[in-house]
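Presented below is the structure to which this report refers.
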Protein chains: 2
Amino acid sequence: MIRTPYLLFLGDAPDQLAAKVAQGIQDWRPENVVGQYRMDGCKADVGATDMSLQEAWDKGARTLVVGVANRGGMISEAWLSVLAEAMEIGFDIASGLHNLLRDENLLKATSARTGTTLHDVRVPTVAYPIANGKKRSGKRCLAVGTDCSVGKMYTGLAMDAEMQKRGLKSTFRPTGQTGILVTGRGVPLDAVVADFMAGAVEWLTPDNDADHWDHIEGQGSLWHVSYSGVTMALIHGGQPDALVLAHEPTRTHMRGLPEYALPALEDLRERALQMARIANPACEVVGVSVNTKALDDAAATALCAEIEDRLVLPTVDPFRHGAGRLVDGLLAL
Amino acid sequence: MIRTPYLLFLGDAPDQLAAKVAQGIQDWRPENVVGQYRMDGCKADVGATDMSLQEAWDKGARTLVVGVANRGGMISEAWLSVLAEAMEIGFDIASGLHNLLRDENLLKATSARTGTTLHDVRVPTVAYPIANGKKRSGKRCLAVGTDCSVGKMYTGLAMDAEMQKRGLKSTFRPTGQTGILVTGRGVPLDAVVADFMAGAVEWLTPDNDADHWDHIEGQGSLWHVSYSGVTMALIHGGQPDALVLAHEPTRTHMRGLPEYALPALEDLRERALQMARIANPACEVVGVSVNTKALDDAAATALCAEIEDRLVLPTVDPFRHGAGRLVDGLLAL
């Protein structure tokens, strides 16, 4: 178990989106957050109180959570010295980066000497099976996006929270490091070996009560050429009964791929549903989740109305408007 | 990169089928084969010259390739002593077995002492990048199947061989262990970590001459729920200019998934092309490759004619009819 509460490490995040791990924890488990630690040049702010390592420790923080992404690169020297300093004070470190804490000699040595713990939540700890495609009991909902980082995790967390609030049977099933850090369990899907991806999703969403819903955290996009294989494994391993389309309206191109345009929501609906029905012929699209963070209230409401009119599907920003109408869509199936 | 030429190790293969990896090497790269090594009781013969380890070494062989499947989930003592003896002479050893050479103490110790190399081709040895989706020069062809194990590797090898015969620029790009052993290089895609699948395919098929064709070995199927994510990574990482549809007409359900029917070739054409055009809008389907092994000549010819009539695409069994018409389709693009 990762010791709480946390100090969120934002490093020298180049933009707000790079700190989405920290933002997710702050939004969904604020009671676990003492503050945020930002280095010189940090362009992100998740709304927690800025504080030094020692201040956070004195206020009770026990784990420094690396809440900022690096893209397939390395852990910089500047980061390492902060992490090592935190361990000298007594912090454990938790991270979902591809580059493992345990592979850094400085951190490994400091951990051994100080008796602090390195949590690499991205490393799979289970020998997942190859998917068998057998129909499982219970219901599953998956958010599929026009792009990466458009609010799929938020959608799942919000729908789960709404169902919990209504006293319905529901579980959020994380497939990425943020969700795992937020809930303490899940499958780090992008670190699973190719042959076992769909099997890992089956393992994550086992047989359940007939009226229980799993909200599976989506990853990537069928249109994102770097990660579409991961998305496909979720669609087939998850065998969802319901899909929610997730979209961010101000994105000008696929994230990290300047040459690639986003698909229309209509195309996402059609192709994701076609692929999903291979594993579950009863699958339906129940709504659209729009991340309207970049819009004001009036613009957000107008955009959702326009999409709802065009696609004839309940359309909301679950963070702004609540996930009630999306959950209504599930229950109407 | 595995040192060539090879001595093919057939061990004590109980039948011809057990030596299909060796047979593939002998069929497709006879110029890489110095001979075959058979132990007492071996029931397979791939048509290479039988010779001792020392004879093969003296004739120039530099790698002993395990071209036979093992039984009972272990590498037998009898095999181990031959492999170790080969290393004493100077051979490297290459294997695509699930049981890794490096996990055998005798082989590991002999390798360290003799300075010879153990190639476990199922294990990735490269830190593949995340795919960047950038357009690469040169041309690429990918076989996509209605199911797993329908002849996608054979199709790529046959098209490559046909292009070589015509003096055209062409390279077969293996993504599975047999193909890697045949050509001495490649990516064991089903063992690559999810996030890097598409990047591994980009790495495998880099910029090339404008008139050069890569024939990328296909894997899985968009309809095979266990492996569809791997297929998707090939379609997007490979950014193919041409697709060939691969099919085995006697399959009654998806391999290993009794509840799942095979798709119609028309559906495969439509959906694979839609997904491929995300990465390469110019992609076209150029033909159909039918594995007619289970049919007689008349039935095979009739079936290909029927499919050709229905899909209006050149349709052949490359093993029975040659890959000439598929290559013509590429060149007509």
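Residues are named by chain letter and number: chains run A, B, ... in the order of the structure tokens, numbers start at 1 in each chain, and ligands are numbered from 1 in the order shown.
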Hey, what's within 10 Å of region 187-194 of chain B if we count only C-alpha atoms and toss same-chain stuff fewer than 2 positions away? As an mmCIF file with C-alpha atoms, in the first residue's frame, please?
```cif
data_model
loop_
_atom_site.group_PDB
_atom_site.id
_atom_site.type_symbol
_atom_site.label_atom_id
_atom_site.label_comp_id
_atom_site.auth_asym_id
_atom_site.auth_seq_id
_atom_site.Cartn_x
_atom_site.Cartn_y
_atom_site.Cartn_z
ATOM 1 C CA PRO A 188 -0.965 -0.647 -16.089
ATOM 2 C CA LEU A 189 -2.106 -1.570 -19.583
ATOM 3 C CA ASP A 190 0.427 0.316 -21.649
ATOM 4 C CA ALA A 191 3.211 -1.618 -19.889
ATOM 5 C CA VAL A 192 1.669 -5.037 -20.527
ATOM 6 C CA VAL A 193 3.280 -7.264 -23.161
ATOM 7 C CA ALA A 194 1.340 -7.195 -26.449
ATOM 8 C CA ASP A 195 0.073 -10.774 -26.393
ATOM 9 C CA PHE A 196 -1.521 -10.311 -22.977
ATOM 10 C CA MET A 197 -3.180 -6.883 -23.318
ATOM 11 C CA SER A 226 1.025 5.511 -31.456
ATOM 12 C CA TYR A 227 -1.468 3.813 -29.126
ATOM 13 C CA SER A 228 -4.401 2.502 -31.181
ATOM 14 C CA GLY A 229 -3.376 -1.079 -30.431
ATOM 15 C CA VAL A 230 -3.923 -0.473 -26.719
ATOM 16 C CA ALA A 233 -7.273 -4.391 -26.731
ATOM 17 C CA GLY B 96 12.494 -19.025 -30.853
ATOM 18 C CA VAL B 121 14.449 -14.258 -30.665
ATOM 19 C CA ARG B 122 11.195 -14.161 -28.690
ATOM 20 C CA VAL B 123 12.690 -11.533 -26.414
ATOM 21 C CA PRO B 124 12.964 -7.956 -27.674
ATOM 22 C CA THR B 125 16.523 -6.647 -27.471
ATOM 23 C CA VAL B 126 15.874 -3.110 -28.682
ATOM 24 C CA ALA B 127 14.430 -0.158 -26.722
ATOM 25 C CA TYR B 128 11.805 0.667 -29.324
ATOM 26 C CA ILE B 130 6.946 5.403 -29.248
ATOM 27 C CA ARG B 173 10.208 -7.543 -42.415
ATOM 28 C CA PRO B 174 9.508 -10.276 -39.839
ATOM 29 C CA THR B 175 7.383 -9.647 -36.763
ATOM 30 C CA GLY B 176 7.376 -13.215 -35.378
ATOM 31 C CA GLN B 177 9.977 -15.733 -34.292
ATOM 32 C CA THR B 178 9.955 -17.917 -37.412
ATOM 33 C CA GLY B 179 10.368 -14.946 -39.699
ATOM 34 C CA ILE B 180 13.150 -13.569 -37.510
ATOM 35 C CA ARG B 185 16.477 -9.981 -37.924
ATOM 36 C CA PHE B 196 5.930 0.598 -28.029
ATOM 37 C CA MET B 197 4.228 -1.788 -30.470
ATOM 38 C CA ALA B 198 3.570 0.733 -33.224
ATOM 39 C CA GLY B 199 6.973 2.331 -32.651
ATOM 40 C CA ALA B 200 8.631 -1.068 -33.049
ATOM 41 C CA VAL B 201 6.931 -1.456 -36.424
ATOM 42 C CA TRP B 203 11.621 1.077 -36.368
ATOM 43 C CA LEU B 204 11.423 -2.135 -38.405
ATOM 44 C CA GLU B 217 4.743 -9.842 -41.673
ATOM 45 C CA GLY B 218 1.176 -9.589 -40.372
ATOM 46 C CA GLN B 219 0.011 -10.874 -36.973
ATOM 47 C CA GLY B 220 -3.383 -11.798 -35.572
ATOM 48 C CA TYR B 227 -4.602 -10.280 -30.530
ATOM 49 C CA GLY B 229 -4.377 -4.857 -30.603
ATOM 50 C CA VAL B 230 -1.208 -6.278 -32.146
ATOM 51 C CA THR B 231 -2.833 -6.202 -35.585
ATOM 52 C CA ALA B 233 -0.309 -1.600 -34.132
ATOM 53 C CA LEU B 234 0.924 -3.173 -37.382
#
```
Output chain B, superimposed onto chain A using in-order Cα pairs, as a short mmCIF file (atom, residue, chain, number, x, y, z; two decimals) with C-alpha atoms, in the first residue's frame:
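selection_1.cif written:
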```cif
data_model
loop_
_atom_site.label_atom_id
_atom_site.label_comp_id
_atom_site.auth_asym_id
_atom_site.auth_seq_id
_atom_site.Cartn_x
_atom_site.Cartn_y
_atom_site.Cartn_z
CA MET B 1 -1.03 -0.99 -4.96
CA ILE B 2 0.50 2.35 -3.97
CA ARG B 3 0.28 3.34 -0.27
CA THR B 4 -1.94 6.36 0.40
CA PRO B 5 -2.23 9.17 1.29
CA TYR B 6 0.18 11.10 -0.89
CA LEU B 7 2.45 14.06 -0.75
CA LEU B 8 2.39 15.58 -4.27
CA PHE B 9 5.84 16.46 -5.58
CA LEU B 10 5.65 19.45 -7.95
CA GLY B 11 9.41 19.94 -8.18
CA ASP B 12 10.42 23.08 -10.04
CA ALA B 13 7.51 22.90 -12.50
CA PRO B 14 7.95 25.72 -15.07
CA ASP B 15 4.19 26.21 -15.42
CA GLN B 16 0.84 24.88 -14.27
CA LEU B 17 0.51 22.47 -17.21
CA ALA B 18 3.69 20.64 -16.20
CA ALA B 19 1.93 19.59 -12.97
CA LYS B 20 -1.17 18.14 -14.63
CA VAL B 21 -0.66 14.69 -13.10
CA ALA B 22 -0.63 16.23 -9.60
CA GLN B 23 -3.63 18.35 -10.55
CA GLY B 24 -5.51 15.24 -11.65
CA ILE B 25 -4.88 13.57 -8.31
CA GLN B 26 -5.90 16.68 -6.38
CA ASP B 27 -9.06 17.11 -8.49
CA TRP B 28 -10.24 13.50 -8.41
CA ARG B 29 -8.94 12.07 -5.14
CA PRO B 30 -8.40 15.02 -2.76
CA GLU B 31 -8.94 12.59 0.12
CA ASN B 32 -5.69 10.89 -0.93
CA VAL B 33 -3.69 14.13 -0.77
CA VAL B 34 -2.04 15.40 2.42
CA GLY B 35 -0.22 18.26 0.75
CA GLN B 36 2.09 19.45 -2.01
CA TYR B 37 5.87 19.83 -2.01
CA ARG B 38 7.28 22.64 -4.15
CA MET B 39 10.92 23.38 -4.78
CA ASP B 40 12.41 26.84 -5.30
CA GLY B 41 11.22 28.32 -8.58
CA CYS B 42 8.11 26.11 -8.84
CA LYS B 43 5.48 27.89 -10.94
CA ALA B 44 2.67 25.39 -10.35
CA ASP B 45 0.16 25.19 -7.50
CA VAL B 46 -2.51 22.49 -7.48
CA GLY B 47 -4.26 23.94 -4.45
CA ALA B 48 -3.02 21.50 -1.80
CA THR B 49 -1.30 22.69 1.41
CA ASP B 50 2.41 23.38 1.01
CA MET B 51 4.47 21.37 3.46
CA SER B 52 7.88 19.89 4.13
CA LEU B 53 8.63 16.20 3.76
CA GLN B 54 8.69 15.67 7.54
CA GLU B 55 5.44 17.59 8.09
CA ALA B 56 3.69 15.50 5.45
CA TRP B 57 5.02 12.28 6.95
CA ASP B 58 3.82 13.34 10.41
CA LYS B 59 0.36 14.05 8.95
CA GLY B 60 0.24 10.50 7.57
CA ALA B 61 1.50 10.79 3.96
CA ARG B 62 3.20 7.53 2.94
CA THR B 63 4.03 7.98 -0.75
CA LEU B 64 5.68 10.92 -2.51
CA VAL B 65 4.08 11.05 -5.95
CA VAL B 66 6.01 12.70 -8.77
CA GLY B 67 3.15 14.78 -10.14
CA VAL B 68 5.19 16.85 -12.58
CA ALA B 69 6.70 16.23 -16.01
CA ASN B 70 10.47 16.34 -16.27
CA ARG B 71 12.41 18.14 -18.97
CA GLY B 72 15.27 17.08 -21.16
CA GLY B 73 14.75 13.35 -20.78
CA MET B 74 16.39 13.04 -17.36
CA ILE B 75 15.59 13.32 -13.67
CA SER B 76 17.57 16.30 -12.34
CA GLU B 77 20.04 16.15 -9.45
CA ALA B 78 17.87 18.61 -7.54
CA TRP B 79 14.87 16.28 -7.79
CA LEU B 80 16.93 13.23 -6.90
CA SER B 81 18.14 14.69 -3.64
CA VAL B 82 14.58 15.51 -2.54
CA LEU B 83 13.35 12.05 -3.50
CA ALA B 84 16.21 10.37 -1.66
CA GLU B 85 15.60 12.53 1.42
CA ALA B 86 11.94 11.49 1.37
CA MET B 87 12.94 7.85 1.29
CA GLU B 88 15.19 8.36 4.29
CA ILE B 89 12.10 9.52 6.19
CA GLY B 90 10.18 6.45 5.06
CA PHE B 91 8.24 7.53 1.97
CA ASP B 92 7.71 5.26 -0.98
CA ILE B 93 8.08 7.08 -4.33
CA ALA B 94 5.66 6.74 -7.25
CA SER B 95 6.24 8.06 -10.75
CA GLY B 96 4.82 7.75 -14.26
CA LEU B 97 7.86 9.31 -15.96
CA HIS B 98 9.44 7.64 -18.97
CA ASN B 99 12.74 7.82 -17.07
CA LEU B 100 12.41 5.12 -14.46
CA LEU B 101 13.14 5.73 -10.80
CA ARG B 102 14.73 2.28 -10.63
CA ASP B 103 17.31 3.32 -13.23
CA GLU B 104 18.70 6.00 -10.88
CA ASN B 105 21.52 4.55 -8.80
CA LEU B 106 20.94 6.89 -5.87
CA LEU B 107 17.26 5.99 -5.63
CA LYS B 108 17.84 2.30 -6.11
CA ALA B 109 20.49 2.21 -3.38
CA THR B 110 18.38 4.30 -1.00
CA SER B 111 15.37 2.08 -1.62
CA ALA B 112 17.37 -1.05 -0.84
CA ARG B 113 18.86 0.43 2.32
CA THR B 114 15.66 1.97 3.71
CA GLY B 115 13.24 -0.76 2.64
CA THR B 116 11.06 1.77 0.81
CA THR B 117 9.44 1.07 -2.55
CA LEU B 118 9.93 2.68 -5.96
CA HIS B 119 6.74 2.52 -8.07
CA ASP B 120 7.37 3.09 -11.78
CA VAL B 121 3.75 2.91 -12.86
CA ARG B 122 4.61 2.79 -16.57
CA VAL B 123 6.07 -0.67 -16.09
CA PRO B 124 3.70 -3.62 -15.73
CA THR B 125 4.35 -5.58 -12.54
CA VAL B 126 1.80 -8.34 -13.06
CA ALA B 127 2.07 -11.43 -15.29
CA TYR B 128 -1.25 -10.85 -17.02
CA PRO B 129 -3.10 -13.85 -18.45
CA ILE B 130 -4.21 -14.34 -22.03
CA ALA B 131 -7.83 -13.23 -22.29
CA ASN B 132 -10.35 -16.06 -22.02
CA GLY B 133 -13.40 -14.05 -23.12
CA LYS B 134 -15.61 -15.57 -20.43
CA LYS B 135 -18.62 -13.51 -19.40
CA ARG B 136 -18.00 -11.78 -16.08
CA SER B 137 -20.61 -10.65 -13.57
CA GLY B 138 -21.13 -6.94 -12.94
CA LYS B 139 -21.30 -4.14 -15.53
CA ARG B 140 -18.63 -2.26 -17.44
CA CYS B 141 -18.55 1.06 -19.30
CA LEU B 142 -15.81 2.11 -21.73
CA ALA B 143 -15.23 5.48 -23.40
CA VAL B 144 -14.13 5.18 -27.04
CA GLY B 145 -12.78 8.22 -28.84
CA THR B 146 -12.71 9.74 -32.29
CA ASP B 147 -9.02 10.37 -31.47
CA CYS B 148 -6.41 10.09 -28.70
CA SER B 149 -6.46 12.65 -25.86
CA VAL B 150 -10.07 13.74 -26.27
CA GLY B 151 -11.21 13.28 -22.64
CA LYS B 152 -11.77 9.56 -22.20
CA MET B 153 -10.08 9.41 -18.78
CA TYR B 154 -11.94 12.48 -17.60
CA THR B 155 -15.23 10.96 -18.77
CA GLY B 156 -14.65 7.76 -16.80
CA LEU B 157 -13.56 9.60 -13.67
CA ALA B 158 -16.57 11.95 -13.87
CA MET B 159 -19.04 9.09 -14.34
CA ASP B 160 -17.49 7.19 -11.43
CA ALA B 161 -17.66 10.29 -9.22
CA GLU B 162 -21.31 10.85 -10.14
CA MET B 163 -22.19 7.26 -9.28
CA GLN B 164 -20.33 7.47 -5.96
CA LYS B 165 -22.24 10.66 -5.19
CA ARG B 166 -25.49 8.82 -5.79
CA GLY B 167 -24.39 5.99 -3.49
CA LEU B 168 -24.15 3.50 -6.37
CA LYS B 169 -21.51 0.79 -6.75
CA SER B 170 -18.79 2.02 -9.07
CA THR B 171 -15.02 1.77 -9.64
CA PHE B 172 -12.77 3.72 -12.01
CA ARG B 173 -10.32 1.32 -13.71
CA PRO B 174 -7.20 3.15 -14.96
CA THR B 175 -5.26 1.96 -17.99
CA GLY B 176 -2.71 4.82 -18.14
CA GLN B 177 -0.13 6.30 -15.82
CA THR B 178 -2.11 9.35 -14.67
CA GLY B 179 -5.13 7.26 -13.81
CA ILE B 180 -2.95 4.74 -11.98
CA LEU B 181 -1.40 7.50 -9.87
CA VAL B 182 -4.83 9.01 -9.18
CA THR B 183 -6.31 5.79 -7.87
CA GLY B 184 -3.17 3.92 -6.74
CA ARG B 185 -3.75 0.92 -9.00
CA GLY B 186 -4.41 -0.06 -12.60
CA VAL B 187 -2.82 -1.45 -15.76
CA PRO B 188 -0.28 0.56 -17.84
CA LEU B 189 -1.84 -0.91 -20.97
CA ASP B 190 0.40 0.71 -23.58
CA ALA B 191 3.39 -1.01 -21.95
CA VAL B 192 1.81 -4.48 -21.87
CA VAL B 193 3.05 -7.11 -24.33
CA ALA B 194 0.65 -7.56 -27.27
CA ASP B 195 -0.58 -11.08 -26.49
CA PHE B 196 -1.63 -10.09 -22.97
CA MET B 197 -3.38 -6.77 -23.61
CA ALA B 198 -6.94 -8.08 -23.57
CA GLY B 199 -6.11 -10.39 -20.67
CA ALA B 200 -4.77 -7.43 -18.70
CA VAL B 201 -8.09 -5.65 -19.20
CA GLU B 202 -9.99 -8.75 -18.06
CA TRP B 203 -7.72 -8.90 -15.00
CA LEU B 204 -8.41 -5.23 -14.28
CA THR B 205 -12.20 -5.65 -14.42
CA PRO B 206 -13.01 -8.93 -12.67
CA ASP B 207 -16.33 -10.44 -11.58
CA ASN B 208 -18.30 -8.07 -9.41
CA ASP B 209 -21.76 -7.45 -7.95
CA ALA B 210 -24.50 -7.49 -10.57
CA ASP B 211 -25.24 -3.79 -9.97
CA HIS B 212 -21.58 -2.66 -9.87
CA TRP B 213 -20.15 -0.60 -12.75
CA ASP B 214 -16.50 -0.48 -13.76
CA HIS B 215 -15.58 2.68 -15.65
CA ILE B 216 -12.67 1.54 -17.80
CA GLU B 217 -10.26 4.25 -18.92
CA GLY B 218 -10.14 4.26 -22.72
CA GLN B 219 -6.95 4.57 -24.79
CA GLY B 220 -6.27 5.61 -28.37
CA SER B 221 -8.95 5.27 -31.04
CA LEU B 222 -10.00 2.65 -33.59
CA TRP B 223 -9.15 5.35 -36.16
CA HIS B 224 -5.67 6.13 -34.77
CA VAL B 225 -3.37 3.83 -36.74
CA SER B 226 -0.56 4.04 -34.16
CA TYR B 227 -2.66 2.80 -31.24
CA SER B 228 -5.83 1.18 -32.63
CA GLY B 229 -4.66 -2.25 -31.45
CA VAL B 230 -4.67 -1.03 -27.85
CA THR B 231 -8.19 0.33 -28.30
CA MET B 232 -9.34 -2.99 -29.74
CA ALA B 233 -7.92 -4.88 -26.76
CA LEU B 234 -9.91 -2.60 -24.44
CA ILE B 235 -13.11 -3.20 -26.39
CA HIS B 236 -12.72 -6.98 -26.33
CA GLY B 237 -10.99 -7.46 -22.96
CA GLY B 238 -13.35 -5.04 -21.27
CA GLN B 239 -16.47 -6.66 -22.81
CA PRO B 240 -18.31 -3.41 -22.05
CA ASP B 241 -22.07 -3.29 -21.49
CA ALA B 242 -22.01 0.40 -22.35
CA LEU B 243 -19.92 2.65 -24.57
CA VAL B 244 -19.60 6.42 -24.34
CA LEU B 245 -18.36 8.21 -27.46
CA ALA B 246 -15.67 10.80 -26.67
CA HIS B 247 -14.86 13.70 -28.99
CA GLU B 248 -12.91 16.96 -29.16
CA PRO B 249 -14.55 19.22 -31.76
CA THR B 250 -11.62 21.49 -32.67
CA ARG B 251 -9.18 18.72 -33.65
CA THR B 252 -8.32 19.15 -37.36
CA HIS B 253 -6.60 15.79 -37.82
CA MET B 254 -5.76 12.65 -35.81
CA ARG B 255 -3.26 13.51 -33.07
CA GLY B 256 0.27 13.21 -34.46
CA LEU B 257 -1.00 12.02 -37.88
CA PRO B 258 -1.50 15.07 -40.13
CA GLU B 259 -2.62 12.89 -43.07
CA TYR B 260 -5.53 11.34 -41.17
CA ALA B 261 -8.97 12.90 -40.70
CA LEU B 262 -11.15 12.24 -37.67
CA PRO B 263 -14.14 9.92 -38.14
CA ALA B 264 -17.73 11.09 -37.86
CA LEU B 265 -19.30 10.27 -34.50
CA GLU B 266 -21.85 8.16 -36.41
CA ASP B 267 -19.07 5.99 -37.84
CA LEU B 268 -17.43 5.64 -34.42
CA ARG B 269 -20.77 4.59 -32.95
CA GLU B 270 -21.42 1.99 -35.60
CA ARG B 271 -18.01 0.37 -35.79
CA ALA B 272 -17.13 0.46 -32.09
CA LEU B 273 -20.50 -1.08 -31.30
CA GLN B 274 -20.05 -3.80 -33.93
CA MET B 275 -16.66 -4.73 -32.47
CA ALA B 276 -17.91 -4.53 -28.86
CA ARG B 277 -20.84 -6.84 -29.57
CA ILE B 278 -18.43 -9.63 -30.49
CA ALA B 279 -17.50 -9.79 -26.79
CA ASN B 280 -20.82 -8.60 -25.39
CA PRO B 281 -23.87 -8.82 -27.67
CA ALA B 282 -25.87 -6.69 -25.21
CA CYS B 283 -23.55 -3.68 -25.50
CA GLU B 284 -25.20 -0.30 -26.16
CA VAL B 285 -23.94 3.23 -26.73
CA VAL B 286 -25.35 5.37 -23.92
CA GLY B 287 -24.09 8.86 -24.66
CA VAL B 288 -21.55 11.29 -26.07
CA SER B 289 -18.88 13.10 -24.05
CA VAL B 290 -17.63 16.26 -25.76
CA ASN B 291 -14.50 18.03 -24.58
CA THR B 292 -15.58 21.67 -25.04
CA LYS B 293 -12.59 23.25 -23.30
CA ALA B 294 -11.84 25.34 -26.41
CA LEU B 295 -15.41 26.71 -26.65
CA ASP B 296 -17.34 29.29 -24.62
CA ASP B 297 -20.50 28.30 -22.74
CA ALA B 298 -22.92 29.20 -25.50
CA ALA B 299 -20.94 27.44 -28.20
CA ALA B 300 -20.47 24.37 -25.99
CA THR B 301 -24.18 24.12 -25.24
CA ALA B 302 -25.10 24.63 -28.89
CA LEU B 303 -22.63 21.97 -30.06
CA CYS B 304 -23.86 19.40 -27.54
CA ALA B 305 -27.46 20.11 -28.57
CA GLU B 306 -26.58 19.70 -32.24
CA ILE B 307 -24.82 16.36 -31.64
CA GLU B 308 -27.64 15.17 -29.37
CA ASP B 309 -30.15 15.98 -32.07
CA ARG B 310 -28.11 14.21 -34.74
CA LEU B 311 -27.19 11.04 -32.82
CA VAL B 312 -30.24 10.91 -30.53
CA LEU B 313 -27.95 10.27 -27.56
CA PRO B 314 -27.46 12.25 -24.33
CA THR B 315 -24.56 14.60 -25.13
CA VAL B 316 -22.63 16.57 -22.49
CA ASP B 317 -19.24 17.89 -21.57
CA PRO B 318 -18.90 16.16 -18.18
CA PHE B 319 -16.49 18.87 -16.97
CA ARG B 320 -18.87 21.70 -17.87
CA HIS B 321 -22.29 20.05 -17.50
CA GLY B 322 -21.60 17.14 -15.15
CA ALA B 323 -21.83 13.46 -15.97
CA GLY B 324 -25.35 12.99 -14.62
CA ARG B 325 -27.02 12.38 -17.97
CA LEU B 326 -24.36 9.83 -18.98
CA VAL B 327 -24.91 7.95 -15.71
CA ASP B 328 -28.68 8.13 -16.29
CA GLY B 329 -28.00 6.44 -19.62
CA LEU B 330 -26.15 3.60 -17.87
CA LEU B 331 -28.88 3.09 -15.33
CA ALA B 332 -31.56 3.03 -18.03
CA LEU B 333 -29.95 -0.01 -19.69
#
```
Looking only at the backbone, which of the residues in region 151-292 of chain A does DSSP tag as helix (DSSP H, G or I), as a PyMOL selection string? chain A and resi 152-165+177-183+189-191+194-204+228-237+265-279
